[in-house]
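Everything below concerns the one structure shown next.
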Amino acid sequence: MTDATTPAIRLTGLRKSFGAVDAVAGVDLEIADGEFFSMLGPSGSGKTTVLRMIAGFELPTAGSVFLSGQDVTRLAPFERDVNTVFQDYALFPHMTVQENVEYGLKVRGVARAARRAQAQEALASVRLEGYGRRKPSAMSGGQRQRVALARALVNRPRVLLLDEPLGALDRKLREQMQVELKQIQRDVGITFVFVTHDQDEALTMSDRVAVFESGRIAQVGTPEEVYERPASPFVAGFVGTSNVFTGDTARSLFARDGVFSIRPEKIDISSDGAPGVVAEVVYAGPVTRYVVDLDAGSRAVVVSQNRHNGSPLVARGDRVHLSWHDEHVVEIPPVAKETADA
Amino acid sequence: MTSLGSYLHRHPRLRLAGLLSAPLLWLVVAYLGALAVLLVSAFWTVNGFTGDVVREFSLANFRTILTEEVYRNVTLRSLGVAASVTVICVVLAVPMAFFMAKVSRFKNTLVIAILTPLWASYLVKAYAWRILLANDGPMDSVFGGPGYGIGATILVLSYMWLPYMILPIHAGLERLPDSLLEASADLGARGGRTFRSVVLPVLLPSIFAGSIFTFSLSLGDYITVQIVGGKTQLIGNLVYANIGAANNLPFAAAIATIPVLIMVVYLLAVRRSGALEEL
């Protein structure tokens, strides 16, 4: 049976091939009970396929899926104690909002009065009380998204799977929903597995993040670990922007061989340090981005807070020096593959 | 000097007139005109001695249709045949269309396979069935029936009109996102439940759209009935008999208004389901 140490989800050697293509090429992962876990990666990196194998929509080519210690690899979706919030919400168009939310309870044979009450409670928890009689087509994108969330949560699943649920919302709404999702997750205490290609989303909401690259997990860790200590050039480039230095540039900057990464906001424009020429100045409201061509032979991006009014520190074509603290230089374990340039 | 194209560009009404005048003329003259003539001539009669059409308003034809039992029987029989054909087509078409749209990897090939029989002559297909259904023919030797008659009529009409049911249902299923089926399974529903609670309700307008074809085509048919129906008579046969043997065109027109009326009622009924948007 389950106890506190049994992970909510355990994936071992999980693979999925579509014809000759390995969408998922061997994933091992444990997700703890009650965790807000994000799977982050570019499209085609296999994160959604992993989610669909946890939900039961795809059968793995190899490997196993365990939910609370139970092997569910070959079980149908309706036999698994997980619920999904779909990217397109997948609300039933012929049912009202209330009927949509009640569907899971109705299928499991919950009595009418109980299911009505639970559905109303679920709708209230996503701040949609009073919308029960509407059809999904009469609701906005953000409202539909919340209906989909209520429809999944009302079943009190052990695990909630969310497949890019905020992808279709505009920016303001998305940021608001990020906060709300995190709040709801804390309130209900259910394990959330959240698939996204948006690194901001993954970093702001998650307890832990898995970064996917071509069907494999490149790194798993807390948002801080993944951001501050990227395990590969790919992670450094995908999670936030980063300056990755290799080869001769690395040798002349750090006096040794290797791959090094420094975040743009950790670099200062100062009176001494690595010399270079400002190639571009991009004003972006709260910050200004400077692109500097280093004499050492590579390009570096520097982000500086606009704490004072007035013109930028330096202009295009100026000669500058870049400095940084040694502890902000991350040495990335060498990978035989391509390097992600900043 | 401006070209015709740029002149028309500045005069959108003229453009619209050029585009629509031919189809409108066709619709009014050929289509509505024929229907109007049908309706008007239904109120004429035929002189019993000379066989000439008497162009005077009379309700005699409709009085005959409403009072003589044979017309009520034929109407009810035709309705029964049309309804049976429609039900059979729905039962066959839903799983076939589902397989085509959601399961098979050879979607386009299957759609072509469904369309191909429509290229063959209606008469040839009907006669092919006459051979299949003949005494000591293939159907008779394998199943011991059904022989020529009303059962054979329903069978052959179902075969004839099945594509017209499959295509709208297939189109409806293509528009049904897979995620709806997954969401239903995700929420605990097995296949049968998902079918009843999600697929069928979403598909209902498409099914009604298909039924408009199967129902009206069956209701007006007289050739299949003649070829495989044995002694069975449907509305179409009565119309045909009055045009030919009886030489009573006004009475034929009066009978022909029965299926028109039935279809008007049927269309009004299915309009509420949203089926007309599916056509």
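We label chains A, B, ... in the order they appear in the structure tokens, count residues from 1 in each chain, and number ligands from 1 in the order shown.
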
With a cut-off of 12 Å and counting only C-alpha atoms, select all residues of chain A in contact with chain B and give the selection as a PyMOL selection string.
chain A and resi 52+54-58+75-95+99-109+148-157+159-161+163

Secondary structure check, strand (DSSP E or B) residues of stretch 130-333 of chain A, as a VMD selection string
chain A and resid 159 to 163 191 to 196 208 to 213 216 to 221 243 to 245 259 to 262 268 to 270 274 to 284 287 to 294 299 to 305 319 to 323 330 to 332

Do you know which residues are at most 9 Å from B:Leu217 counting only C-alpha atoms, after dropping those on the same chain fewer than 4 positions away, and could you put them as a list in words?
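The filter keeps Ala82, Leu157, Trp161, Ile212, Phe213 and Asp221 of chain B.
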
Test item, helix (DSSP H, G or I) assignment across stretch 57-235 of chain A, answer as a PyMOL selection string:
chain A and resi 77-79+97-107+112-125+136-138+141-153+171-188+199-205+223-228+233-235

Residue contacts of stretch 29-38 of chain B (12 Å, only C-alpha atoms) excluding same-chain residues fewer than 2 positions away, as a PyMOL selection string:
chain B and resi 21-27+40-44+55+239+249-258+260

Keeping only N, CA and C atoms, write those residues as an mmCIF file, in the first residue's frame.
data_model
loop_
_atom_site.group_PDB
_atom_site.id
_atom_site.type_symbol
_atom_site.label_atom_id
_atom_site.label_comp_id
_atom_site.auth_asym_id
_atom_site.auth_seq_id
_atom_site.Cartn_x
_atom_site.Cartn_y
_atom_site.Cartn_z
ATOM 1 N N SER B 21 -27.301 36.105 -61.299
ATOM 2 C CA SER B 21 -28.478 36.099 -62.165
ATOM 3 C C SER B 21 -28.738 34.720 -62.758
ATOM 4 N N ALA B 22 -27.689 34.025 -63.221
ATOM 5 C CA ALA B 22 -27.911 32.708 -63.833
ATOM 6 C C ALA B 22 -28.469 31.700 -62.820
ATOM 7 N N PRO B 23 -27.831 31.516 -61.657
ATOM 8 C CA PRO B 23 -28.403 30.567 -60.700
ATOM 9 C C PRO B 23 -29.795 30.965 -60.217
ATOM 10 N N LEU B 24 -30.040 32.269 -60.070
ATOM 11 C CA LEU B 24 -31.368 32.696 -59.615
ATOM 12 C C LEU B 24 -32.421 32.360 -60.662
ATOM 13 N N LEU B 25 -32.076 32.599 -61.925
ATOM 14 C CA LEU B 25 -32.993 32.283 -63.023
ATOM 15 C C LEU B 25 -33.318 30.780 -62.991
ATOM 16 N N TRP B 26 -32.282 29.984 -62.810
ATOM 17 C CA TRP B 26 -32.460 28.541 -62.750
ATOM 18 C C TRP B 26 -33.387 28.170 -61.602
ATOM 19 N N LEU B 27 -33.106 28.734 -60.440
ATOM 20 C CA LEU B 27 -33.876 28.395 -59.243
ATOM 21 C C LEU B 27 -35.342 28.750 -59.437
ATOM 22 N N VAL B 40 -50.289 23.592 -58.997
ATOM 23 C CA VAL B 40 -51.484 24.085 -59.684
ATOM 24 C C VAL B 40 -52.213 22.936 -60.376
ATOM 25 N N SER B 41 -51.451 22.097 -61.076
ATOM 26 C CA SER B 41 -52.116 21.049 -61.856
ATOM 27 C C SER B 41 -52.753 19.996 -60.965
ATOM 28 N N ALA B 42 -52.320 19.952 -59.698
ATOM 29 C CA ALA B 42 -52.937 18.994 -58.786
ATOM 30 C C ALA B 42 -54.415 19.311 -58.579
ATOM 31 N N PHE B 43 -54.786 20.575 -58.861
ATOM 32 C CA PHE B 43 -56.188 20.965 -58.679
ATOM 33 C C PHE B 43 -56.989 20.871 -59.974
ATOM 34 N N TRP B 44 -56.374 20.362 -61.045
ATOM 35 C CA TRP B 44 -57.119 20.140 -62.282
ATOM 36 C C TRP B 44 -57.666 18.720 -62.309
ATOM 37 N N ARG B 55 -58.750 22.290 -67.221
ATOM 38 C CA ARG B 55 -58.014 23.261 -66.404
ATOM 39 C C ARG B 55 -58.962 24.120 -65.584
ATOM 40 N N VAL B 239 -47.706 7.530 -58.499
ATOM 41 C CA VAL B 239 -47.472 8.684 -59.373
ATOM 42 C C VAL B 239 -47.176 8.188 -60.786
ATOM 43 N N LEU B 249 -52.488 13.019 -65.400
ATOM 44 C CA LEU B 249 -51.412 13.856 -64.886
ATOM 45 C C LEU B 249 -51.845 14.671 -63.663
ATOM 46 N N PRO B 250 -53.035 15.277 -63.664
ATOM 47 C CA PRO B 250 -53.448 16.034 -62.476
ATOM 48 C C PRO B 250 -53.498 15.168 -61.214
ATOM 49 N N PHE B 251 -53.983 13.940 -61.331
ATOM 50 C CA PHE B 251 -54.062 13.085 -60.157
ATOM 51 C C PHE B 251 -52.652 12.695 -59.688
ATOM 52 N N ALA B 252 -51.757 12.421 -60.661
ATOM 53 C CA ALA B 252 -50.365 12.131 -60.321
ATOM 54 C C ALA B 252 -49.773 13.298 -59.540
ATOM 55 N N ALA B 253 -50.060 14.523 -59.991
ATOM 56 C CA ALA B 253 -49.541 15.701 -59.300
ATOM 57 C C ALA B 253 -50.090 15.773 -57.878
ATOM 58 N N ALA B 254 -51.356 15.441 -57.729
ATOM 59 C CA ALA B 254 -51.963 15.487 -56.399
ATOM 60 C C ALA B 254 -51.293 14.477 -55.470
ATOM 61 N N ILE B 255 -51.028 13.259 -55.990
ATOM 62 C CA ILE B 255 -50.347 12.258 -55.158
ATOM 63 C C ILE B 255 -48.946 12.736 -54.803
ATOM 64 N N ALA B 256 -48.285 13.401 -55.787
ATOM 65 C CA ALA B 256 -46.908 13.837 -55.577
ATOM 66 C C ALA B 256 -46.810 14.892 -54.477
ATOM 67 N N THR B 257 -47.905 15.564 -54.182
ATOM 68 C CA THR B 257 -47.831 16.550 -53.096
ATOM 69 C C THR B 257 -47.717 15.869 -51.725
ATOM 70 N N ILE B 258 -48.081 14.570 -51.639
ATOM 71 C CA ILE B 258 -47.998 13.883 -50.335
ATOM 72 C C ILE B 258 -46.550 13.850 -49.826
ATOM 73 N N VAL B 260 -44.113 15.658 -50.741
ATOM 74 C CA VAL B 260 -43.636 17.034 -50.543
ATOM 75 C C VAL B 260 -44.075 17.527 -49.161
#

Surrounding residues of B:Ser78 excluding itself and chain neighbours under 2 positions, 9 Å, only C-alpha atoms, as a ChimeraX atom specification
/B:73-76,80-83,218-220,233-236
